[in-house]
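Structure file model-v5.cif with mmCIF, C-alpha atoms and all ligand atoms:
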data_query
#
loop_
_atom_site.label_atom_id
_atom_site.label_comp_id
_atom_site.auth_asym_id
_atom_site.auth_seq_id
_atom_site.Cartn_x
_atom_site.Cartn_y
_atom_site.Cartn_z
CA MET A 30 -32.83 44.41 -21.34
CA THR A 31 -35.53 46.46 -19.60
CA SER A 32 -38.27 44.67 -17.71
CA THR A 33 -40.85 45.56 -20.36
CA THR A 34 -38.89 43.85 -23.13
CA ARG A 35 -37.91 40.77 -21.17
CA PRO A 36 -39.34 37.60 -22.76
CA HIS A 37 -41.74 35.54 -20.69
CA LEU A 38 -40.94 31.88 -19.99
CA PHE A 39 -43.40 29.34 -18.60
CA ILE A 40 -41.72 26.35 -16.89
CA THR A 41 -43.96 23.36 -16.21
CA PHE A 42 -41.68 21.53 -13.74
CA GLN A 43 -39.40 22.19 -10.80
CA MET A 44 -35.62 22.15 -11.09
CA PRO A 45 -32.54 23.05 -9.01
CA SER A 46 -32.24 26.75 -8.22
CA GLN A 47 -29.00 27.37 -10.18
CA PHE A 48 -30.87 26.76 -13.45
CA ILE A 49 -33.72 29.02 -12.39
CA HIS A 50 -31.19 31.76 -11.52
CA SER A 51 -29.56 31.51 -14.96
CA LEU A 52 -32.94 31.85 -16.64
CA GLU A 53 -34.09 34.68 -14.36
CA ARG A 54 -31.32 36.90 -15.67
CA VAL A 55 -33.03 37.01 -19.06
CA PHE A 56 -36.62 35.87 -18.65
CA ASP A 57 -39.65 36.78 -16.61
CA LEU A 58 -40.53 33.38 -15.23
CA ASP A 59 -43.82 31.69 -14.54
CA TYR A 60 -42.78 28.62 -12.53
CA GLN A 61 -44.19 29.13 -9.03
CA ASP A 62 -46.56 26.64 -7.39
CA ILE A 63 -46.06 23.94 -9.99
CA PRO A 64 -47.84 20.77 -8.76
CA ALA A 65 -46.39 17.27 -9.29
CA ARG A 66 -48.49 17.04 -12.44
CA LEU A 67 -50.00 19.99 -14.25
CA SER A 68 -53.23 19.05 -15.98
CA HIS A 69 -53.89 20.08 -19.56
CA GLU A 70 -56.47 22.57 -18.26
CA GLN A 71 -54.01 24.06 -15.78
CA ILE A 72 -51.43 24.51 -18.52
CA LEU A 73 -53.97 26.14 -20.78
CA SER A 74 -55.14 28.56 -18.11
CA ARG A 75 -51.57 29.58 -17.18
CA ILE A 76 -50.73 30.09 -20.83
CA ARG A 77 -53.85 32.19 -21.40
CA ALA A 78 -53.05 34.27 -18.31
CA HIS A 79 -49.36 34.91 -19.07
CA THR A 80 -48.95 34.43 -22.87
CA PRO A 81 -45.36 33.11 -22.77
CA ASP A 82 -42.70 33.71 -25.42
CA ALA A 83 -41.32 30.23 -24.63
CA ILE A 84 -42.37 27.12 -22.71
CA LEU A 85 -39.98 24.73 -20.96
CA PHE A 86 -41.57 21.34 -20.26
CA SER A 87 -40.71 17.68 -19.80
CA GLY A 88 -41.58 14.52 -21.73
CA GLY A 89 -44.66 13.93 -19.57
CA THR A 90 -46.33 17.16 -20.69
CA LYS A 91 -48.39 17.00 -23.84
CA ILE A 92 -47.86 20.08 -25.99
CA ASP A 93 -50.71 19.73 -28.46
CA LYS A 94 -52.33 21.99 -30.99
CA GLU A 95 -54.70 23.45 -28.38
CA ILE A 96 -51.81 24.54 -26.17
CA ILE A 97 -49.77 25.91 -29.06
CA SER A 98 -52.82 27.79 -30.35
CA ALA A 99 -53.61 29.15 -26.87
CA ALA A 100 -50.10 30.57 -26.70
CA GLY A 101 -50.75 32.27 -30.03
CA ASP A 102 -48.38 34.29 -32.16
CA LYS A 103 -46.32 35.46 -29.17
CA LEU A 104 -44.90 31.95 -28.71
CA LYS A 105 -41.44 31.90 -30.28
CA MET A 106 -39.83 28.71 -29.05
CA LEU A 107 -40.42 25.41 -27.23
CA ALA A 108 -37.81 23.71 -25.05
CA THR A 109 -38.30 20.11 -23.97
CA PHE A 110 -36.40 18.49 -21.11
CA SER A 111 -36.17 15.20 -23.03
CA VAL A 112 -34.73 13.52 -26.09
CA GLY A 113 -38.11 12.04 -27.01
CA TYR A 114 -40.50 14.45 -28.74
CA ASN A 115 -43.64 12.38 -29.31
CA HIS A 116 -45.46 14.59 -26.75
CA ILE A 117 -45.19 17.63 -29.04
CA ASP A 118 -47.43 18.37 -32.02
CA ILE A 119 -44.53 18.67 -34.44
CA LYS A 120 -46.74 19.41 -37.46
CA GLU A 121 -48.31 22.37 -35.69
CA CYS A 122 -44.87 23.70 -34.73
CA GLU A 123 -43.71 23.31 -38.31
CA LYS A 124 -46.79 25.12 -39.59
CA ARG A 125 -46.22 28.03 -37.20
CA GLY A 126 -42.44 28.04 -37.59
CA ILE A 127 -41.82 27.36 -33.89
CA PRO A 128 -38.37 25.83 -33.26
CA ILE A 129 -37.93 23.15 -30.61
CA GLY A 130 -34.91 22.66 -28.35
CA TYR A 131 -34.33 19.16 -26.90
CA THR A 132 -31.66 17.21 -24.99
CA PRO A 133 -30.15 14.30 -26.97
CA GLY A 134 -26.96 12.46 -26.04
CA VAL A 135 -26.39 13.43 -22.41
CA LEU A 136 -28.88 10.83 -21.16
CA THR A 137 -27.83 8.02 -23.49
CA ASP A 138 -25.47 6.25 -21.07
CA THR A 139 -27.66 6.46 -18.02
CA THR A 140 -30.73 5.25 -19.95
CA ALA A 141 -28.70 2.33 -21.31
CA ASP A 142 -27.55 1.55 -17.74
CA LEU A 143 -31.18 1.53 -16.63
CA ALA A 144 -32.13 -0.76 -19.52
CA ILE A 145 -29.53 -3.28 -18.34
CA THR A 146 -30.76 -2.92 -14.75
CA LEU A 147 -34.32 -3.58 -15.90
CA LEU A 148 -33.29 -6.50 -18.12
CA LEU A 149 -31.41 -8.19 -15.28
CA ALA A 150 -34.12 -7.39 -12.73
CA THR A 151 -36.69 -8.98 -15.05
CA SER A 152 -34.68 -11.99 -16.20
CA ARG A 153 -33.45 -12.77 -12.65
CA ARG A 154 -36.90 -12.13 -11.12
CA ILE A 155 -35.53 -9.60 -8.67
CA THR A 156 -38.75 -8.01 -7.38
CA GLU A 157 -40.30 -11.45 -6.92
CA ALA A 158 -37.18 -12.71 -5.11
CA MET A 159 -36.98 -9.66 -2.85
CA ARG A 160 -40.58 -10.14 -1.84
CA THR A 161 -39.87 -13.71 -0.65
CA VAL A 162 -37.33 -12.31 1.79
CA ARG A 163 -39.93 -9.98 3.30
CA ASN A 164 -42.88 -12.38 3.36
CA GLY A 165 -41.09 -15.42 4.76
CA GLU A 166 -41.17 -17.51 1.57
CA TRP A 167 -37.36 -17.70 1.51
CA GLY A 168 -36.44 -21.23 2.58
CA THR A 169 -39.87 -22.74 1.91
CA SER A 170 -38.75 -24.74 -1.14
CA SER A 171 -36.14 -27.50 -1.42
CA ASN A 172 -36.20 -27.34 -5.23
CA ILE A 173 -32.80 -26.40 -6.70
CA MET A 174 -34.65 -24.54 -9.46
CA TRP A 175 -36.35 -22.22 -6.96
CA MET A 176 -36.26 -18.60 -8.11
CA CYS A 177 -34.21 -19.41 -11.22
CA GLY A 178 -34.13 -16.90 -14.02
CA LYS A 179 -33.25 -16.82 -17.69
CA PRO A 180 -29.53 -16.62 -18.61
CA LEU A 181 -28.03 -14.05 -20.95
CA ILE A 182 -25.11 -16.24 -21.95
CA ASN A 183 -25.27 -17.36 -25.62
CA SER A 184 -28.55 -15.52 -26.08
CA THR A 185 -29.81 -13.69 -29.15
CA ILE A 186 -30.62 -10.07 -28.38
CA GLY A 187 -33.12 -8.18 -30.52
CA ILE A 188 -33.01 -4.38 -30.42
CA VAL A 189 -35.82 -2.42 -32.05
CA GLY A 190 -34.23 0.93 -32.91
CA LEU A 191 -30.44 0.90 -32.89
CA GLY A 192 -30.12 4.63 -32.25
CA ARG A 193 -27.96 6.30 -29.59
CA ILE A 194 -29.56 4.44 -26.69
CA GLY A 195 -30.08 1.17 -28.58
CA LEU A 196 -26.39 1.03 -29.48
CA ALA A 197 -25.31 1.96 -25.92
CA ILE A 198 -27.45 -0.94 -24.63
CA ALA A 199 -25.84 -3.29 -27.17
CA ARG A 200 -22.33 -2.26 -26.06
CA ARG A 201 -23.21 -2.93 -22.42
CA LEU A 202 -24.54 -6.39 -23.28
CA GLN A 203 -21.40 -7.56 -25.10
CA PRO A 204 -19.48 -8.54 -21.92
CA PHE A 205 -22.36 -10.84 -20.91
CA SER A 206 -21.21 -13.41 -23.51
CA ILE A 207 -24.27 -12.99 -25.68
CA GLN A 208 -24.20 -14.71 -29.05
CA ARG A 209 -25.50 -12.09 -31.48
CA ILE A 210 -27.49 -8.89 -31.79
CA LEU A 211 -30.31 -8.54 -34.28
CA TYR A 212 -31.70 -5.07 -34.84
CA SER A 213 -34.55 -3.54 -36.79
CA GLY A 214 -35.34 0.01 -37.75
CA THR A 215 -35.65 2.25 -40.75
CA ARG A 216 -32.19 1.53 -42.13
CA GLU A 217 -29.13 -0.68 -41.82
CA LYS A 218 -26.17 0.75 -39.86
CA HIS A 219 -22.60 0.79 -40.97
CA PHE A 220 -20.02 -0.90 -38.73
CA ASP A 221 -16.26 -0.58 -39.22
CA SER A 222 -14.82 -3.49 -37.27
CA ASP A 223 -15.05 -7.13 -38.37
CA SER A 224 -16.21 -8.14 -34.89
CA ASP A 225 -19.14 -5.71 -35.07
CA LYS A 226 -19.99 -6.86 -38.57
CA LYS A 227 -20.19 -10.39 -37.16
CA LEU A 228 -22.10 -9.43 -34.03
CA PHE A 229 -24.78 -7.12 -35.46
CA LYS A 230 -27.34 -8.15 -38.07
CA PHE A 231 -30.02 -5.88 -39.56
CA VAL A 232 -33.28 -7.85 -39.89
CA GLN A 233 -36.95 -7.29 -40.51
CA PHE A 234 -39.08 -6.79 -37.39
CA GLU A 235 -40.72 -10.22 -37.85
CA GLU A 236 -37.37 -12.03 -37.96
CA LEU A 237 -36.24 -10.19 -34.83
CA LEU A 238 -39.38 -11.33 -33.03
CA HIS A 239 -38.94 -14.95 -34.14
CA GLU A 240 -35.26 -15.23 -33.28
CA SER A 241 -34.65 -13.16 -30.15
CA ASP A 242 -34.41 -14.40 -26.57
CA PHE A 243 -34.49 -10.83 -25.28
CA VAL A 244 -36.31 -8.12 -27.21
CA ILE A 245 -35.42 -4.55 -26.27
CA ILE A 246 -37.47 -1.58 -27.45
CA ALA A 247 -35.26 1.50 -27.91
CA CYS A 248 -36.93 3.23 -30.86
CA ALA A 249 -38.82 6.51 -31.00
CA LEU A 250 -42.60 6.53 -30.63
CA ASN A 251 -44.16 7.66 -33.89
CA GLU A 252 -47.01 6.70 -36.22
CA GLU A 253 -45.24 3.52 -37.39
CA THR A 254 -44.15 2.32 -33.96
CA THR A 255 -47.40 2.98 -32.06
CA ASN A 256 -48.72 -0.38 -30.79
CA MET A 257 -46.02 -2.15 -32.81
CA PHE A 258 -45.99 -4.76 -30.03
CA ASN A 259 -49.52 -6.08 -30.40
CA LYS A 260 -51.16 -9.52 -30.24
CA LYS A 261 -49.68 -10.49 -33.61
CA ALA A 262 -46.18 -9.46 -32.54
CA PHE A 263 -46.39 -11.41 -29.26
CA GLU A 264 -47.55 -14.48 -31.20
CA GLN A 265 -44.36 -14.32 -33.25
CA MET A 266 -42.09 -14.17 -30.20
CA LYS A 267 -40.56 -17.18 -28.48
CA ASN A 268 -42.57 -18.42 -25.50
CA ASP A 269 -39.42 -18.00 -23.43
CA ALA A 270 -38.68 -14.46 -24.66
CA ILE A 271 -38.30 -11.46 -22.38
CA LEU A 272 -39.47 -8.02 -23.54
CA ILE A 273 -37.83 -4.84 -22.25
CA ASN A 274 -39.22 -1.38 -23.03
CA ILE A 275 -37.29 1.74 -22.10
CA SER A 276 -38.64 3.88 -24.91
CA ARG A 277 -42.30 4.87 -24.71
CA GLY A 278 -45.33 3.00 -23.40
CA GLY A 279 -47.34 3.66 -26.58
CA ILE A 280 -45.16 1.23 -28.56
CA VAL A 281 -46.73 -1.66 -26.65
CA ASP A 282 -50.41 -2.61 -26.68
CA GLN A 283 -50.69 -3.20 -22.93
CA ASP A 284 -53.86 -5.31 -23.11
CA ALA A 285 -52.14 -7.64 -25.56
CA LEU A 286 -49.04 -7.66 -23.35
CA TYR A 287 -51.13 -8.59 -20.32
CA ASP A 288 -52.64 -11.54 -22.24
CA ALA A 289 -49.24 -12.62 -23.57
CA LEU A 290 -47.73 -12.61 -20.07
CA LYS A 291 -50.73 -14.26 -18.46
CA ASN A 292 -51.01 -17.01 -21.12
CA GLY A 293 -47.32 -17.82 -21.35
CA GLN A 294 -47.07 -16.44 -24.88
CA ILE A 295 -43.88 -14.75 -23.67
CA ARG A 296 -41.96 -15.33 -20.46
CA ALA A 297 -41.65 -11.90 -18.85
CA ALA A 298 -41.55 -8.15 -19.46
CA GLY A 299 -39.70 -5.22 -17.93
CA LEU A 300 -41.12 -1.76 -18.54
CA ASP A 301 -39.70 1.63 -17.65
CA VAL A 302 -42.48 3.32 -19.60
CA THR A 303 -46.25 2.75 -19.65
CA VAL A 304 -49.55 4.23 -20.74
CA PRO A 305 -50.60 6.16 -18.80
CA GLU A 306 -47.83 7.47 -16.58
CA PRO A 307 -48.08 7.09 -13.67
CA LEU A 308 -49.67 3.67 -14.12
CA PRO A 309 -52.78 3.38 -11.87
CA THR A 310 -51.98 1.17 -8.87
CA ASP A 311 -54.89 -1.13 -9.78
CA HIS A 312 -53.62 -1.73 -13.33
CA PRO A 313 -53.79 -5.45 -14.33
CA LEU A 314 -50.09 -5.50 -15.31
CA LEU A 315 -49.22 -4.85 -11.66
CA THR A 316 -50.87 -8.13 -10.65
CA LEU A 317 -48.39 -10.18 -12.68
CA GLU A 318 -45.26 -11.72 -11.12
CA ASN A 319 -43.59 -11.79 -14.54
CA CYS A 320 -43.90 -8.06 -15.17
CA THR A 321 -41.36 -5.68 -13.65
CA ILE A 322 -42.33 -2.02 -13.83
CA PHE A 323 -40.15 1.01 -13.11
CA PRO A 324 -41.55 4.57 -12.86
CA HIS A 325 -39.90 6.04 -16.01
CA ILE A 326 -36.49 6.54 -14.41
CA GLY A 327 -34.32 5.92 -17.50
CA SER A 328 -32.51 9.25 -17.28
CA ALA A 329 -32.84 9.68 -13.52
CA ASP A 330 -29.26 10.10 -12.42
CA GLU A 331 -28.08 13.39 -10.97
CA TYR A 332 -25.39 14.01 -13.57
CA ALA A 333 -27.61 13.32 -16.58
CA ARG A 334 -30.48 15.39 -15.22
CA HIS A 335 -28.13 18.34 -14.56
CA GLN A 336 -26.74 18.04 -18.09
CA MET A 337 -30.25 17.93 -19.54
CA ALA A 338 -31.26 21.01 -17.53
CA GLN A 339 -28.12 22.87 -18.65
CA ILE A 340 -28.87 22.11 -22.31
CA CYS A 341 -32.43 23.38 -21.86
CA VAL A 342 -31.12 26.59 -20.30
CA ASP A 343 -28.53 27.04 -23.06
CA ASN A 344 -31.08 26.30 -25.78
CA LEU A 345 -33.33 29.02 -24.38
CA LEU A 346 -30.61 31.59 -23.71
CA ASN A 347 -28.99 31.03 -27.10
CA PHE A 348 -32.23 31.29 -29.01
CA PHE A 349 -33.30 34.50 -27.32
CA SER A 350 -29.90 36.09 -27.92
CA GLY A 351 -29.97 35.20 -31.61
CA LYS A 352 -27.49 32.29 -31.44
CA PRO A 353 -28.04 28.70 -32.61
CA MET A 354 -29.45 26.36 -29.97
CA VAL A 355 -27.17 23.66 -28.58
CA HIS A 356 -29.64 21.02 -29.79
CA GLN A 357 -32.50 22.03 -32.04
CA LEU A 358 -34.84 19.33 -33.26
CA LYS A 359 -34.73 19.01 -37.04
CA ILE A 360 -38.34 19.19 -38.18
P1 LIG B 401 -32.34 8.13 -31.54
O1 LIG B 401 -33.00 9.15 -32.40
O2 LIG B 401 -30.87 8.05 -31.52
O3 LIG B 401 -32.92 6.69 -31.89
C1 LIG B 401 -34.24 6.52 -32.25
C2 LIG B 401 -34.35 5.19 -32.92
O4 LIG B 401 -35.73 4.99 -33.27
C3 LIG B 401 -33.55 5.11 -34.22
O5 LIG B 401 -32.66 4.04 -34.11
C4 LIG B 401 -34.59 4.81 -35.28
O6 LIG B 401 -34.17 3.81 -36.16
C5 LIG B 401 -35.72 4.22 -34.43
N1 LIG B 401 -36.96 4.29 -35.18
C6 LIG B 401 -37.62 5.38 -35.63
N2 LIG B 401 -38.69 5.00 -36.34
C7 LIG B 401 -38.69 3.65 -36.34
C8 LIG B 401 -39.53 2.66 -36.91
N3 LIG B 401 -40.60 3.02 -37.62
N4 LIG B 401 -39.23 1.36 -36.69
C9 LIG B 401 -38.16 1.01 -35.95
N5 LIG B 401 -37.32 1.90 -35.40
C10 LIG B 401 -37.59 3.20 -35.60
O7 LIG B 401 -32.92 8.41 -30.07
P2 LIG B 401 -32.36 7.93 -28.66
O8 LIG B 401 -31.70 6.62 -28.82
O9 LIG B 401 -31.60 9.03 -28.05
O10 LIG B 401 -33.73 7.76 -27.85
C11 LIG B 401 -34.65 6.78 -28.25
C12 LIG B 401 -35.96 6.92 -27.48
O11 LIG B 401 -35.77 6.49 -26.14
C13 LIG B 401 -36.50 8.34 -27.34
O12 LIG B 401 -37.27 8.68 -28.48
C14 LIG B 401 -37.33 8.27 -26.09
O13 LIG B 401 -38.66 7.95 -26.44
C15 LIG B 401 -36.75 7.11 -25.32
N6 LIG B 401 -36.10 7.51 -24.06
C16 LIG B 401 -36.57 7.02 -22.88
C17 LIG B 401 -35.96 7.35 -21.70
C18 LIG B 401 -36.46 6.84 -20.40
O14 LIG B 401 -36.33 7.54 -19.40
N7 LIG B 401 -37.00 5.64 -20.33
C19 LIG B 401 -34.79 8.24 -21.65
C20 LIG B 401 -34.37 8.68 -22.95
C21 LIG B 401 -35.01 8.32 -24.10
P3 LIG B 401 -33.24 4.15 -37.43
O15 LIG B 401 -31.95 4.60 -36.86
O16 LIG B 401 -33.16 2.85 -38.15
O17 LIG B 401 -33.95 5.24 -38.18
C1 LIG B 402 -36.62 11.40 -22.65
O1 LIG B 402 -35.66 12.20 -22.58
O2 LIG B 402 -37.23 11.19 -23.69
C2 LIG B 402 -36.99 10.69 -21.39
O3 LIG B 402 -38.05 9.84 -21.55
C3 LIG B 402 -37.24 11.64 -20.27
O4 LIG B 402 -36.23 11.50 -19.33
#
Hey, can you dump this file as structure tokens for me?
Ligand code: NDP
Ligand code: DGY
Amino acid sequence: MTSTTRPHLFITFQMPSQFIHSLERVFDLDYQDIPARLSHEQILSRIRAHTPDAILFSGGTKIDKEIISAAGDKLKMLATFSVGYNHIDIKECEKRGIPIGYTPGVLTDTTADLAITLLLATSRRITEAMRTVRNGEWGTSSNIMWMCGKPLINSTIGIVGLGRIGLAIARRLQPFSIQRILYSGTREKHFDSDSDKKLFKFVQFEELLHESDFVIIACALNEETTNMFNKKAFEQMKNDAILINISRGGIVDQDALYDALKNGQIRAAGLDVTVPEPLPTDHPLLTLENCTIFPHIGSADEYARHQMAQICVDNLLNFFSGKPMVHQLKI
């Protein structure tokens, strides 16, 4: 390919040099001086200045109609460094015939691991307990119930969205001697083994809320799931229930969650995802002992992130050499 015919790729985040080198062989890259967070305006101005043929971005970057329109007819493909795609205006892509590459599967295990970490950290009050060590509160109570948490044994687990990650979370919870797993979603799943048929039960969202000791959100964010966890939902949960969200912050109405945690409507919550991200340090949720918040690190292990980057690179290289992408979103 001569330099005049090389496609132009805009990358909105930083990544290890080997991936940049692979892309440089084919693309003219715009990826220098990328700040920790590119604002919408900064993205628009870079797109207007360089008119990319493709954009590589992460789940934190909103690719809306304005950005897609600014890129214009030259834009041929979008590549997201994520399995979630709620940050992309899918309808606009469909209208313009712009295919989207994404990264399902390779982050399933690590995100499920993180969900278990968050569930245990929340149910065993880990951040609260660690703070007592630092501030001298350790040893100030003679009560045998000091710093006690909620047990998993014999519990009913509710999983909203038994997709790849939801199922991987369920598998990791089985050795904790849980009693049963309720799940909700758009359709019932098929299980082969008798033990799975006994363990898993497809229920309506309301039943899941009523019955579960631990409620885990693992579904996609879309029109139906936005603010699915609102005041009404919290009122249907057990007062002793623990909510875990590793999916997207927009599924939970955070004001209603704050009230539910503050008023003892539910016992505790563990969030890997919030609105906005990053969560402002003065956000009311951060004042609560019974709310554990992680900075969206579900897929943050070195192996998974390398695999995700490799899929992004392969999606881009394949598409621009006329081959099928490794993972193209079906829209
Ligand atoms: P999948 O596509 O395998 O699963 C998505 C699930 O969402 C499906 O089980 C689907 O249910 C469910 N769902 C969709 N619509 C609804 C609805 N209206 N009500 C209830 N459930 C619904 O995706 P993954 O498991 O790979 O990923 C799930 C999500 O996790 C991603 O979309 C992303 O937002 C988030 N994520 C977060 C990470 C983090 O770092 N915290 C890392 C990776 C992913 P059904 O099967 O019944 O249709
Ligand atoms: C995803 O892939 O959707 C995650 O949220 C980003 O790691």
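Residues of protein, DNA or RNA lying at most 8 Å from ligand LIG 402 (chain B), when all atoms listed in the file are considered, are Ser87, Gly88, Gly89, Phe110, Ser111, Val112, Gly113, Tyr114, Thr132, Pro133, Leu136, Ser276, Arg277, His325, Ile326, Gly327, Ser328 and Ala329 of chain A.
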From the options A:Thr156, A:Gln61, A:Gln294, A:Asn344, which residue's atoms come nearest to Ala262 (chain A), counting all atoms listed in the file? A:Gln294
With all atoms listed in the file as the atoms that count, which of A:Thr316, A:Thr321, A:Ser241, A:Thr140 lies nearest to Arg334 (chain A)?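 Among the listed residues, the smallest separation from Arg334 (chain A) belongs to A:Thr140.
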Expressed in Å to a single decimal, how great is the separation between CA of Val189 (chain A) and atom O4 of ligand LIG 401 (chain B)?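 Between CA of Val189 (chain A) and atom O4 of ligand LIG 401 (chain B) the gap works out to 7.5 Å.
Shortest atom-to-atom contact with ligand LIG 401 (chain B) among A:Ser170, A:Asn259, A:Thr161, A:Asn274: A:Asn274, counting only C-alpha atoms and all ligand atoms.
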Using only C-alpha atoms and all ligand atoms, which of the listed residues (A:Val162, A:Ile245, A:Met176, A:Ile182) sits closest to ligand LIG 401 (chain B)?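 Looking at the shortest contact to ligand LIG 401 (chain B), the residue is A:Ile245.
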Contact residues around Gly214 (chain A) with only C-alpha atoms at 9 Å, ignoring same-chain residues under 5 positions, as a PDB file with C-alpha atoms, in the coordinates of the input:
ATOM      1  CA  ILE A 188     -33.010  -4.380 -30.420  1.00  0.00           C
ATOM      2  CA  VAL A 189     -35.820  -2.420 -32.050  1.00  0.00           C
ATOM      3  CA  GLY A 190     -34.230   0.930 -32.910  1.00  0.00           C
ATOM      4  CA  LEU A 191     -30.440   0.900 -32.890  1.00  0.00           C
ATOM      5  CA  GLY A 192     -30.120   4.630 -32.250  1.00  0.00           C
ATOM      6  CA  PHE A 231     -30.020  -5.880 -39.560  1.00  0.00           C
ATOM      7  CA  VAL A 232     -33.280  -7.850 -39.890  1.00  0.00           C
ATOM      8  CA  GLN A 233     -36.950  -7.290 -40.510  1.00  0.00           C
ATOM      9  CA  PHE A 234     -39.080  -6.790 -37.390  1.00  0.00           C
ATOM     10  CA  CYS A 248     -36.930   3.230 -30.860  1.00  0.00           C
TER      11      CYS A 248
END
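With distances taken over only C-alpha atoms and all ligand atoms, A:Leu147 is the one residue among A:Ala285, A:Leu38, A:Leu147, A:Ile72 lying closest to ligand LIG 401 (chain B).
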How many Å lie between atom C1 of ligand LIG 401 (chain B) and CA of Ile322 (chain A), rounded to one decimal?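 Going from atom C1 of ligand LIG 401 (chain B) over to CA of Ile322 (chain A) covers 21.9 Å.
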Just the number, please: distance in Å from CA of Ala289 (chain A) to CA of Tyr212 (chain A), one decimal. 22.2 Å
If you count only C-alpha atoms, which residues fall within 10 Å of Cys122 (chain A), apart from same-chain ones fewer than 2 positions away, as a count of residues only? 19
Would you compute an axis-aligned box for region 80-85 of chain A, covering every atom listed for it in the file with 8 Å of margin on each side, and report centre and edge lengths in Å to one decimal as AutoDock Vina command-line options?
--center_x -44.5 --center_y 29.6 --center_z -23.2 --size_x 25.0 --size_y 25.7 --size_z 20.5
Determine, counting all atoms listed in the file, which protein, DNA and RNA residues have an atom within 12 Å of an atom of Ile246 (chain A); residues of the same chain fewer than 4 positions away are not included. Present the result as a ChimeraX atom specification. /A:141,144,148,186-192,194-196,198-199,212-214,234,237-238,250,254-258,271-281,298-302
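Minimum atom-to-atom distance to ligand LIG 401 (chain B), evaluated using only C-alpha atoms and all ligand atoms, belongs to A:Ile145 out of A:Leu315, A:Cys341, A:Leu228, A:Ile145.
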So that I can check the surroundings of Leu314 (chain A), please list as a PyMOL selection string every protein, DNA and RNA residue that reaches within 10 Å of it, counting all atoms listed in the file and ignoring chain neighbours fewer than 6 positions away. chain A and resi 283-284+286-288+290-291+298+308+320-322
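Shell of Gln71 (chain A) at 12 Å, with only C-alpha atoms counted and residues fewer than 4 places along the chain excluded, is Thr41, Asp62, Ile63, Pro64, Arg66, Leu67, Arg75, Ile76, Arg77, Ala78, Thr90 and Ile96 of chain A.
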Export region 279-293 of chain A from the structure block above, keeping N, CA and C atoms, as a PDB file, in the first residue's frame.
ATOM      1  N   GLY A 279     -25.783   2.645  34.382  1.00  0.00           N
ATOM      2  CA  GLY A 279     -27.098   3.136  33.974  1.00  0.00           C
ATOM      3  C   GLY A 279     -28.240   2.186  34.281  1.00  0.00           C
ATOM      4  N   ILE A 280     -27.940   0.962  34.691  1.00  0.00           N
ATOM      5  CA  ILE A 280     -29.011   0.006  35.027  1.00  0.00           C
ATOM      6  C   ILE A 280     -29.586   0.326  36.413  1.00  0.00           C
ATOM      7  N   VAL A 281     -28.811   1.058  37.198  1.00  0.00           N
ATOM      8  CA  VAL A 281     -29.240   1.393  38.563  1.00  0.00           C
ATOM      9  C   VAL A 281     -29.525   2.890  38.679  1.00  0.00           C
ATOM     10  N   ASP A 282     -30.681   3.217  39.247  1.00  0.00           N
ATOM     11  CA  ASP A 282     -30.987   4.609  39.587  1.00  0.00           C
ATOM     12  C   ASP A 282     -30.214   4.897  40.886  1.00  0.00           C
ATOM     13  N   GLN A 283     -29.142   5.659  40.778  1.00  0.00           N
ATOM     14  CA  GLN A 283     -28.234   5.816  41.920  1.00  0.00           C
ATOM     15  C   GLN A 283     -28.839   6.612  43.077  1.00  0.00           C
ATOM     16  N   ASP A 284     -29.764   7.529  42.771  1.00  0.00           N
ATOM     17  CA  ASP A 284     -30.420   8.264  43.862  1.00  0.00           C
ATOM     18  C   ASP A 284     -31.279   7.295  44.670  1.00  0.00           C
ATOM     19  N   ALA A 285     -32.000   6.434  43.937  1.00  0.00           N
ATOM     20  CA  ALA A 285     -32.845   5.442  44.625  1.00  0.00           C
ATOM     21  C   ALA A 285     -31.964   4.444  45.387  1.00  0.00           C
ATOM     22  N   LEU A 286     -30.822   4.105  44.829  1.00  0.00           N
ATOM     23  CA  LEU A 286     -29.915   3.182  45.533  1.00  0.00           C
ATOM     24  C   LEU A 286     -29.405   3.827  46.818  1.00  0.00           C
ATOM     25  N   TYR A 287     -29.032   5.100  46.728  1.00  0.00           N
ATOM     26  CA  TYR A 287     -28.554   5.799  47.922  1.00  0.00           C
ATOM     27  C   TYR A 287     -29.607   5.722  49.023  1.00  0.00           C
ATOM     28  N   ASP A 288     -30.859   6.044  48.671  1.00  0.00           N
ATOM     29  CA  ASP A 288     -31.950   6.017  49.663  1.00  0.00           C
ATOM     30  C   ASP A 288     -32.137   4.604  50.224  1.00  0.00           C
ATOM     31  N   ALA A 289     -32.098   3.613  49.338  1.00  0.00           N
ATOM     32  CA  ALA A 289     -32.314   2.223  49.775  1.00  0.00           C
ATOM     33  C   ALA A 289     -31.212   1.771  50.737  1.00  0.00           C
ATOM     34  N   LEU A 290     -29.990   2.205  50.484  1.00  0.00           N
ATOM     35  CA  LEU A 290     -28.869   1.822  51.361  1.00  0.00           C
ATOM     36  C   LEU A 290     -28.917   2.598  52.682  1.00  0.00           C
ATOM     37  N   LYS A 291     -29.277   3.835  52.580  1.00  0.00           N
ATOM     38  CA  LYS A 291     -29.321   4.723  53.753  1.00  0.00           C
ATOM     39  C   LYS A 291     -30.455   4.311  54.698  1.00  0.00           C
ATOM     40  N   ASN A 292     -31.615   3.929  54.087  1.00  0.00           N
ATOM     41  CA  ASN A 292     -32.804   3.627  54.899  1.00  0.00           C
ATOM     42  C   ASN A 292     -32.933   2.162  55.271  1.00  0.00           C
ATOM     43  N   GLY A 293     -31.956   1.359  54.929  1.00  0.00           N
ATOM     44  CA  GLY A 293     -32.027  -0.062  55.285  1.00  0.00           C
ATOM     45  C   GLY A 293     -33.037  -0.834  54.437  1.00  0.00           C
TER      46      GLY A 293
END
